[in-house]
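Coordinates as given in upload-v6.csv (CSV, N, CA and C atoms):
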chain,number,residue,atom,x,y,z
A,1,VAL,N,2.6,-11.1,-12.3
A,1,VAL,CA,1.9,-11.1,-11.0
A,1,VAL,C,0.6,-10.2,-11.2
A,2,GLN,N,-0.4,-10.8,-10.7
A,2,GLN,CA,-1.7,-10.1,-10.7
A,2,GLN,C,-2.1,-9.8,-9.3
A,3,LEU,N,-2.5,-8.6,-9.1
A,3,LEU,CA,-2.9,-8.1,-7.8
A,3,LEU,C,-4.4,-7.7,-7.7
A,4,GLN,N,-5.1,-8.1,-6.7
A,4,GLN,CA,-6.5,-7.8,-6.6
A,4,GLN,C,-6.7,-7.1,-5.2
A,5,ALA,N,-7.0,-5.9,-5.3
A,5,ALA,CA,-7.3,-5.1,-4.1
A,5,ALA,C,-8.7,-5.1,-3.7
A,6,SER,N,-9.0,-5.1,-2.4
A,6,SER,CA,-10.4,-5.1,-2.0
A,6,SER,C,-10.5,-4.5,-0.6
A,7,GLY,N,-11.7,-4.2,-0.2
A,7,GLY,CA,-11.9,-3.7,1.2
A,7,GLY,C,-12.3,-2.3,1.4
A,8,GLY,N,-12.3,-1.5,0.3
A,8,GLY,CA,-12.7,-0.1,0.4
A,8,GLY,C,-14.1,0.1,0.6
A,9,GLY,N,-14.5,1.3,0.8
A,9,GLY,CA,-15.9,1.7,1.0
A,9,GLY,C,-16.1,3.1,1.5
A,10,LEU,N,-17.3,3.3,2.0
A,10,LEU,CA,-17.7,4.6,2.5
A,10,LEU,C,-17.7,4.5,4.0
A,11,VAL,N,-16.9,5.4,4.7
A,11,VAL,CA,-16.8,5.3,6.1
A,11,VAL,C,-16.9,6.8,6.7
A,12,GLN,N,-16.9,6.9,8.0
A,12,GLN,CA,-17.0,8.2,8.6
A,12,GLN,C,-15.6,8.5,9.3
A,13,THR,N,-15.4,9.8,9.5
A,13,THR,CA,-14.2,10.2,10.2
A,13,THR,C,-14.0,9.5,11.5
A,14,GLY,N,-12.8,9.0,11.7
A,14,GLY,CA,-12.5,8.2,12.9
A,14,GLY,C,-12.6,6.7,12.8
A,15,ASP,N,-13.3,6.3,11.7
A,15,ASP,CA,-13.5,4.9,11.5
A,15,ASP,C,-12.2,4.2,11.1
A,16,SER,N,-12.3,2.8,11.0
A,16,SER,CA,-11.2,2.0,10.6
A,16,SER,C,-11.6,1.1,9.4
A,17,VAL,N,-10.7,0.9,8.5
A,17,VAL,CA,-10.9,0.0,7.4
A,17,VAL,C,-9.6,-0.8,7.1
A,18,ARG,N,-9.8,-2.0,6.7
A,18,ARG,CA,-8.7,-2.9,6.3
A,18,ARG,C,-8.8,-3.2,4.8
A,19,LEU,N,-7.8,-2.8,4.1
A,19,LEU,CA,-7.7,-3.2,2.7
A,19,LEU,C,-6.8,-4.5,2.6
A,20,SER,N,-7.2,-5.2,1.6
A,20,SER,CA,-6.4,-6.5,1.3
A,20,SER,C,-6.0,-6.4,-0.2
A,21,CYS,N,-4.9,-7.1,-0.4
A,21,CYS,CA,-4.3,-7.2,-1.8
A,21,CYS,C,-3.8,-8.6,-2.0
A,22,ALA,N,-4.6,-9.4,-2.7
A,22,ALA,CA,-4.2,-10.8,-3.0
A,22,ALA,C,-3.4,-10.9,-4.2
A,23,ALA,N,-2.3,-11.6,-4.2
A,23,ALA,CA,-1.4,-11.7,-5.3
A,23,ALA,C,-1.5,-13.1,-5.9
A,24,SER,N,-1.4,-13.2,-7.2
A,24,SER,CA,-1.3,-14.5,-7.9
A,24,SER,C,-0.3,-14.4,-9.0
A,25,GLY,N,0.3,-15.5,-9.3
A,25,GLY,CA,1.4,-15.6,-10.3
A,25,GLY,C,2.7,-15.1,-9.8
A,26,GLY,N,2.8,-14.9,-8.5
A,26,GLY,CA,4.1,-14.5,-7.9
A,26,GLY,C,3.9,-14.4,-6.4
A,27,THR,N,4.9,-14.5,-5.6
A,27,THR,CA,4.8,-14.5,-4.2
A,27,THR,C,5.1,-13.1,-3.6
A,28,VAL,N,4.3,-12.7,-2.6
A,28,VAL,CA,4.6,-11.5,-1.9
A,28,VAL,C,5.8,-11.5,-1.0
A,29,SER,N,6.2,-12.8,-0.6
A,29,SER,CA,7.3,-12.9,0.3
A,29,SER,C,8.6,-12.6,-0.3
A,30,SER,N,8.7,-12.6,-1.6
A,30,SER,CA,9.9,-12.4,-2.3
A,30,SER,C,10.1,-11.0,-3.0
A,31,ARG,N,9.2,-10.1,-2.7
A,31,ARG,CA,9.2,-8.8,-3.4
A,31,ARG,C,8.7,-7.7,-2.4
A,32,THR,N,9.2,-6.5,-2.6
A,32,THR,CA,8.6,-5.4,-1.9
A,32,THR,C,7.2,-5.1,-2.3
A,33,MET,N,6.3,-4.9,-1.4
A,33,MET,CA,4.9,-4.6,-1.7
A,33,MET,C,4.6,-3.3,-1.1
A,34,ALA,N,3.6,-2.6,-1.7
A,34,ALA,CA,3.3,-1.2,-1.3
A,34,ALA,C,1.9,-0.9,-1.6
A,35,TRP,N,1.5,0.2,-0.9
A,35,TRP,CA,0.2,0.8,-1.1
A,35,TRP,C,0.4,2.2,-1.5
A,36,PHE,N,-0.3,2.6,-2.6
A,36,PHE,CA,-0.3,4.0,-3.0
A,36,PHE,C,-1.8,4.5,-3.0
A,37,ARG,N,-2.0,5.8,-3.1
A,37,ARG,CA,-3.3,6.3,-3.3
A,37,ARG,C,-3.3,7.5,-4.2
A,38,GLN,N,-4.5,7.7,-4.8
A,38,GLN,CA,-4.7,8.8,-5.6
A,38,GLN,C,-6.0,9.5,-5.4
A,39,ALA,N,-6.0,10.7,-5.0
A,39,ALA,CA,-7.2,11.5,-4.8
A,39,ALA,C,-7.5,12.2,-6.1
A,40,PRO,N,-8.8,12.6,-6.2
A,40,PRO,CA,-9.2,13.4,-7.5
A,40,PRO,C,-8.3,14.6,-7.7
A,41,GLY,N,-7.8,14.7,-8.9
A,41,GLY,CA,-7.0,15.9,-9.2
A,41,GLY,C,-5.6,15.9,-8.7
A,42,LYS,N,-5.2,14.8,-8.0
A,42,LYS,CA,-3.9,14.8,-7.5
A,42,LYS,C,-3.1,13.6,-8.0
A,43,GLU,N,-1.7,13.7,-7.9
A,43,GLU,CA,-0.9,12.6,-8.3
A,43,GLU,C,-1.0,11.4,-7.4
A,44,ARG,N,-0.6,10.3,-7.9
A,44,ARG,CA,-0.6,9.1,-7.1
A,44,ARG,C,0.6,9.2,-6.1
A,45,GLU,N,0.3,8.9,-4.8
A,45,GLU,CA,1.4,9.1,-3.8
A,45,GLU,C,1.5,7.8,-3.0
A,46,SER,N,2.7,7.6,-2.5
A,46,SER,CA,3.0,6.4,-1.7
A,46,SER,C,2.3,6.5,-0.3
A,47,VAL,N,1.9,5.4,0.2
A,47,VAL,CA,1.3,5.4,1.5
A,47,VAL,C,2.1,4.6,2.5
A,48,ALA,N,2.4,3.3,2.1
A,48,ALA,CA,3.1,2.4,2.9
A,48,ALA,C,3.7,1.3,2.1
A,49,ALA,N,4.8,0.7,2.6
A,49,ALA,CA,5.4,-0.4,1.9
A,49,ALA,C,6.0,-1.4,2.9
A,50,ILE,N,6.2,-2.6,2.5
A,50,ILE,CA,6.8,-3.6,3.3
A,50,ILE,C,7.9,-4.3,2.6
A,51,ASN,N,9.0,-4.4,3.2
A,51,ASN,CA,10.2,-5.0,2.5
A,51,ASN,C,10.1,-6.5,2.5
A,52,TRP,N,10.6,-7.1,1.4
A,52,TRP,CA,10.4,-8.6,1.3
A,52,TRP,C,11.4,-9.4,2.1
A,53,ASN,N,12.6,-9.0,2.4
A,53,ASN,CA,13.5,-9.9,3.1
A,53,ASN,C,13.6,-9.7,4.6
A,54,ARG,N,13.3,-8.5,5.1
A,54,ARG,CA,13.4,-8.3,6.5
A,54,ARG,C,12.0,-7.9,7.1
A,55,GLY,N,11.0,-7.6,6.2
A,55,GLY,CA,9.7,-7.3,6.7
A,55,GLY,C,9.7,-5.9,7.3
A,56,SER,N,10.7,-5.1,7.0
A,56,SER,CA,10.7,-3.7,7.5
A,56,SER,C,9.7,-2.9,6.7
A,57,THR,N,9.2,-1.9,7.3
A,57,THR,CA,8.1,-1.1,6.7
A,57,THR,C,8.4,0.4,6.6
A,58,TYR,N,7.7,1.0,5.7
A,58,TYR,CA,7.8,2.4,5.4
A,58,TYR,C,6.4,3.0,5.4
A,59,TYR,N,6.3,4.3,5.9
A,59,TYR,CA,5.0,5.0,5.9
A,59,TYR,C,5.2,6.4,5.5
A,60,ALA,N,4.3,6.9,4.8
A,60,ALA,CA,4.3,8.3,4.5
A,60,ALA,C,4.0,9.1,5.8
A,61,ASP,N,4.5,10.3,5.9
A,61,ASP,CA,4.3,11.0,7.2
A,61,ASP,C,2.9,11.2,7.5
A,62,SER,N,2.1,11.4,6.5
A,62,SER,CA,0.6,11.7,6.7
A,62,SER,C,-0.1,10.5,7.3
A,63,VAL,N,0.4,9.3,7.3
A,63,VAL,CA,-0.3,8.2,7.8
A,63,VAL,C,0.4,7.5,9.0
A,64,LYS,N,1.6,7.9,9.3
A,64,LYS,CA,2.3,7.3,10.4
A,64,LYS,C,1.5,7.3,11.7
A,65,GLY,N,1.5,6.2,12.4
A,65,GLY,CA,0.8,6.1,13.6
A,65,GLY,C,-0.7,5.7,13.4
A,66,ARG,N,-1.2,5.8,12.2
A,66,ARG,CA,-2.6,5.5,11.9
A,66,ARG,C,-2.8,4.3,11.0
A,67,PHE,N,-1.8,4.1,10.1
A,67,PHE,CA,-1.9,3.0,9.1
A,67,PHE,C,-0.8,2.0,9.5
A,68,THR,N,-1.2,0.7,9.2
A,68,THR,CA,-0.2,-0.4,9.4
A,68,THR,C,-0.3,-1.3,8.2
A,69,VAL,N,0.9,-1.6,7.6
A,69,VAL,CA,1.0,-2.5,6.5
A,69,VAL,C,1.5,-3.8,7.0
A,70,SER,N,0.9,-4.9,6.5
A,70,SER,CA,1.4,-6.2,6.9
A,70,SER,C,1.3,-7.2,5.8
A,71,ARG,N,1.8,-8.4,6.0
A,71,ARG,CA,1.9,-9.4,5.0
A,71,ARG,C,1.6,-10.8,5.5
A,72,ASP,N,0.8,-11.5,4.8
A,72,ASP,CA,0.5,-12.9,5.2
A,72,ASP,C,1.1,-13.8,4.1
A,73,ASN,N,2.2,-14.4,4.3
A,73,ASN,CA,2.8,-15.1,3.2
A,73,ASN,C,2.0,-16.4,2.8
A,74,ALA,N,1.4,-17.0,3.8
A,74,ALA,CA,0.6,-18.2,3.6
A,74,ALA,C,-0.6,-17.9,2.7
A,75,LYS,N,-1.1,-16.7,2.8
A,75,LYS,CA,-2.3,-16.3,1.9
A,75,LYS,C,-1.8,-15.5,0.7
A,76,ASN,N,-0.5,-15.2,0.7
A,76,ASN,CA,0.0,-14.5,-0.5
A,76,ASN,C,-0.7,-13.1,-0.6
A,77,THR,N,-0.9,-12.5,0.5
A,77,THR,CA,-1.7,-11.3,0.6
A,77,THR,C,-1.1,-10.2,1.5
A,78,ILE,N,-1.2,-9.0,1.1
A,78,ILE,CA,-0.8,-7.9,2.0
A,78,ILE,C,-2.0,-7.1,2.4
A,79,TYR,N,-1.9,-6.4,3.5
A,79,TYR,CA,-3.0,-5.7,4.1
A,79,TYR,C,-2.6,-4.2,4.4
A,80,LEU,N,-3.6,-3.4,4.5
A,80,LEU,CA,-3.4,-2.0,5.0
A,80,LEU,C,-4.5,-1.8,6.0
A,81,GLN,N,-4.1,-1.8,7.3
A,81,GLN,CA,-5.0,-1.4,8.3
A,81,GLN,C,-5.0,0.1,8.5
A,82,MET,N,-6.2,0.7,8.3
A,82,MET,CA,-6.3,2.2,8.4
A,82,MET,C,-7.2,2.6,9.5
A,83,ASN,N,-6.6,3.2,10.5
A,83,ASN,CA,-7.4,3.7,11.7
A,83,ASN,C,-7.4,5.2,11.7
A,84,SER,N,-8.4,5.7,12.5
A,84,SER,CA,-8.5,7.1,12.7
A,84,SER,C,-8.6,7.8,11.3
A,85,LEU,N,-9.4,7.3,10.5
A,85,LEU,CA,-9.5,7.9,9.1
A,85,LEU,C,-10.0,9.3,9.1
A,86,LYS,N,-9.4,10.1,8.2
A,86,LYS,CA,-9.8,11.5,8.0
A,86,LYS,C,-10.3,11.7,6.6
A,87,PRO,N,-11.0,12.8,6.4
A,87,PRO,CA,-11.5,13.1,5.0
A,87,PRO,C,-10.4,13.1,4.0
A,88,GLU,N,-9.3,13.6,4.4
A,88,GLU,CA,-8.1,13.7,3.4
A,88,GLU,C,-7.5,12.4,3.1
A,89,ASP,N,-8.0,11.3,3.7
A,89,ASP,CA,-7.6,10.0,3.3
A,89,ASP,C,-8.4,9.4,2.1
A,90,THR,N,-9.4,10.2,1.7
A,90,THR,CA,-10.3,9.8,0.6
A,90,THR,C,-9.5,9.7,-0.7
A,91,ALA,N,-9.5,8.5,-1.3
A,91,ALA,CA,-8.7,8.3,-2.5
A,91,ALA,C,-9.0,6.9,-3.0
A,92,VAL,N,-8.5,6.6,-4.2
A,92,VAL,CA,-8.4,5.3,-4.7
A,92,VAL,C,-7.1,4.7,-4.2
A,93,TYR,N,-7.2,3.6,-3.6
A,93,TYR,CA,-6.0,2.9,-3.0
A,93,TYR,C,-5.5,1.8,-4.0
A,94,TYR,N,-4.3,1.8,-4.3
A,94,TYR,CA,-3.7,0.8,-5.2
A,94,TYR,C,-2.6,0.0,-4.5
A,95,CYS,N,-2.6,-1.3,-4.7
A,95,CYS,CA,-1.4,-2.1,-4.2
A,95,CYS,C,-0.5,-2.3,-5.4
A,96,ALA,N,0.8,-2.4,-5.0
A,96,ALA,CA,1.8,-2.5,-6.0
A,96,ALA,C,2.9,-3.5,-5.6
A,97,ALA,N,3.6,-4.1,-6.5
A,97,ALA,CA,4.6,-5.1,-6.2
A,97,ALA,C,5.8,-4.8,-7.0
A,98,GLY,N,7.0,-4.9,-6.4
A,98,GLY,CA,8.2,-4.8,-7.1
A,98,GLY,C,8.7,-6.1,-7.7
A,99,ARG,N,9.7,-6.1,-8.4
A,99,ARG,CA,10.3,-7.3,-9.0
A,99,ARG,C,10.8,-8.2,-7.8
A,100,GLY,N,10.8,-9.5,-8.1
A,100,GLY,CA,11.3,-10.4,-7.0
A,100,GLY,C,12.7,-10.2,-6.7
A,101,ASN,N,13.0,-10.3,-5.4
A,101,ASN,CA,14.3,-10.3,-4.8
A,101,ASN,C,15.1,-9.1,-5.2
A,102,VAL,N,14.5,-8.0,-5.4
A,102,VAL,CA,15.1,-6.7,-5.7
A,102,VAL,C,15.2,-5.9,-4.4
A,103,TYR,N,16.4,-5.4,-4.1
A,103,TYR,CA,16.6,-4.6,-2.9
A,103,TYR,C,16.0,-3.2,-3.0
A,104,PHE,N,15.3,-2.7,-2.0
A,104,PHE,CA,14.8,-1.3,-2.0
A,104,PHE,C,15.5,-0.6,-0.9
A,105,SER,N,16.1,0.5,-1.2
A,105,SER,CA,16.6,1.4,-0.1
A,105,SER,C,15.5,2.2,0.5
A,106,ASP,N,15.8,2.8,1.6
A,106,ASP,CA,14.7,3.6,2.3
A,106,ASP,C,14.2,4.7,1.4
A,107,ASN,N,15.0,5.2,0.5
A,107,ASN,CA,14.5,6.2,-0.4
A,107,ASN,C,13.7,5.7,-1.6
A,108,ASP,N,13.7,4.4,-1.8
A,108,ASP,CA,13.1,3.8,-3.0
A,108,ASP,C,11.6,3.5,-2.8
A,109,TYR,N,11.1,3.3,-1.5
A,109,TYR,CA,9.8,2.9,-1.3
A,109,TYR,C,8.7,3.8,-1.9
A,110,ARG,N,9.0,5.0,-1.9
A,110,ARG,CA,7.9,6.0,-2.4
A,110,ARG,C,7.9,6.2,-3.9
A,111,LYS,N,8.9,5.5,-4.6
A,111,LYS,CA,9.0,5.8,-6.1
A,111,LYS,C,8.1,4.8,-6.9
A,112,ARG,N,7.2,5.4,-7.5
A,112,ARG,CA,6.2,4.6,-8.3
A,112,ARG,C,6.9,3.8,-9.4
A,113,GLU,N,7.9,4.4,-10.0
A,113,GLU,CA,8.5,3.7,-11.2
A,113,GLU,C,9.3,2.4,-10.8
A,114,LEU,N,9.5,2.2,-9.5
A,114,LEU,CA,10.2,0.9,-9.1
A,114,LEU,C,9.2,-0.2,-8.9
A,115,TYR,N,8.0,0.0,-9.0
A,115,TYR,CA,7.0,-1.0,-8.8
A,115,TYR,C,6.5,-1.5,-10.2
A,116,THR,N,6.6,-2.8,-10.4
A,116,THR,CA,6.3,-3.3,-11.7
A,116,THR,C,4.8,-3.7,-11.9
A,117,TYR,N,4.2,-4.1,-10.9
A,117,TYR,CA,2.9,-4.7,-11.0
A,117,TYR,C,1.9,-3.9,-10.1
A,118,TRP,N,0.7,-3.6,-10.7
A,118,TRP,CA,-0.3,-2.8,-10.0
A,118,TRP,C,-1.6,-3.5,-10.0
A,119,GLY,N,-2.3,-3.3,-8.8
A,119,GLY,CA,-3.7,-3.7,-8.8
A,119,GLY,C,-4.6,-2.7,-9.4
A,120,GLN,N,-5.9,-3.0,-9.4
A,120,GLN,CA,-6.9,-2.2,-10.0
A,120,GLN,C,-7.4,-1.0,-9.2
A,121,GLY,N,-7.1,-1.0,-7.9
A,121,GLY,CA,-7.5,0.1,-7.0
A,121,GLY,C,-8.8,-0.2,-6.3
A,122,THR,N,-9.0,0.3,-5.2
A,122,THR,CA,-10.2,0.2,-4.4
A,122,THR,C,-10.5,1.6,-3.8
A,123,GLN,N,-11.7,2.1,-3.9
A,123,GLN,CA,-12.1,3.4,-3.4
A,123,GLN,C,-12.3,3.4,-1.9
A,124,VAL,N,-11.7,4.4,-1.3
A,124,VAL,CA,-12.0,4.6,0.2
A,124,VAL,C,-12.5,6.1,0.2
A,125,THR,N,-13.7,6.2,0.8
A,125,THR,CA,-14.3,7.6,0.9
A,125,THR,C,-14.6,7.8,2.4
A,126,VAL,N,-14.0,8.9,3.0
A,126,VAL,CA,-14.2,9.2,4.4
A,126,VAL,C,-15.0,10.4,4.5
A,127,SER,N,-16.2,10.3,5.0
A,127,SER,CA,-17.1,11.5,5.2
A,127,SER,C,-16.8,12.2,6.5
A,128,SER,N,-17.0,13.5,6.5
A,128,SER,CA,-16.8,14.3,7.7
A,128,SER,C,-18.0,14.4,8.5
Output the structure of this file as structure tokens.
Amino acid sequence: VQLQASGGGLVQTGDSVRLSCAASGGTVSSRTMAWFRQAPGKERESVAAINWNRGSTYYADSVKGRFTVSRDNAKNTIYLQMNSLKPEDTAVYYCAAGRGNVYFSDNDYRKRELYTYWGQGTQVTVSS
């Protein structure tokens, strides 16, 4: 599975941005998909994920109520709608995909090692 993330850029505090992650060589509808981010000097952390079979979602506490992850099966693409952006949201954002038809528990979504495929990342910079 190849993942291509796009949509990042330079924005101001309070702005909104929508990231896209287009998949090829595999379907997003049959696997858990997620967004991670990595800020300079920090470890890569989970941001949001969407379950493949029920469409349930997971969010890191730091983005709850501001970010929304969604999936368009027809376009084989997932999205991350980011609202009310803050300077601390500045990072490279990566999309990731788990193996097909693999169940993720609520504790699994944030675990990087469970995601097999990764996109190249897209930079989001939020100025104050």
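You can rank A:Lys86, A:Thr116, A:Met33, A:Val92 by their closest distance to Gln12 of chain A using all atoms listed in the file, and at the top of that list sits A:Lys86.
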Distance criterion (only C-alpha atoms): nearest to Ser6 of chain A out of A:Tyr103, A:Val63, A:Ile78, A:Ser30 |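 Counting only C-alpha atoms, the residue closest to Ser6 of chain A is A:Ile78.
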Kindly indicate which residue among A:Asn101, A:Ala23, A:Ser56, A:Phe36 lies nearest to Gln2 of chain A, using only C-alpha atoms for the distances.
->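 The shortest atom-to-atom distance to Gln2 of chain A comes from A:Ala23.
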Shortest contact to Cys21 of chain A, candidates A:Gly65, A:Pro87, A:Gly55, A:Gly7, atoms counted only C-alpha atoms, goes to A:Gly7
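Interatomic distance, atom N of Arg71 of chain A to atom C of Leu19 of chain A: 10.0 Å.
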As number ranges by chain, which residues of segment 74-125 of chain A does DSSP assign to strand (DSSP E)?
-> A: 77-82, 91-97, 117-118, 122-125
Given the choices A:Thr68, A:Thr77, A:Thr32, A:Asn51, which gets closest to Tyr115 of chain A if the distance is worked out from all atoms listed in the file?
->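 Among the listed residues, the smallest separation from Tyr115 of chain A belongs to A:Thr32.
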At what distance in Å, to one decimal, does atom C of Lys64 of chain A lie from atom CA of Thr13 of chain A?
->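 One can read the atom CA of Thr13 of chain A to atom C of Lys64 of chain A distance as 16.0 Å.
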Contacts of Gln120 of chain A at 6.5 Å (all atoms listed in the file; same-chain gap of 5+ positions) as a PyMOL selection string | chain A and resi 3-5+93-95
Distance atom CA of Ser46 of chain A-atom CA of Lys111 of chain A, one decimal place?
->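 Atom CA of Ser46 of chain A sits 7.5 Å away from atom CA of Lys111 of chain A.
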Given all atoms listed in the file as the counted atoms, nearest of A:Gly9, A:Val1, A:Pro40, A:Asp106 to Tyr58 of chain A | A:Asp106
Can you check which residues of segment 23-126 of chain A DSSP gives as helix (DSSP H, G or I) on the backbone and send them as number ranges by chain?
-> A: 28-30, 87-89, 112-114
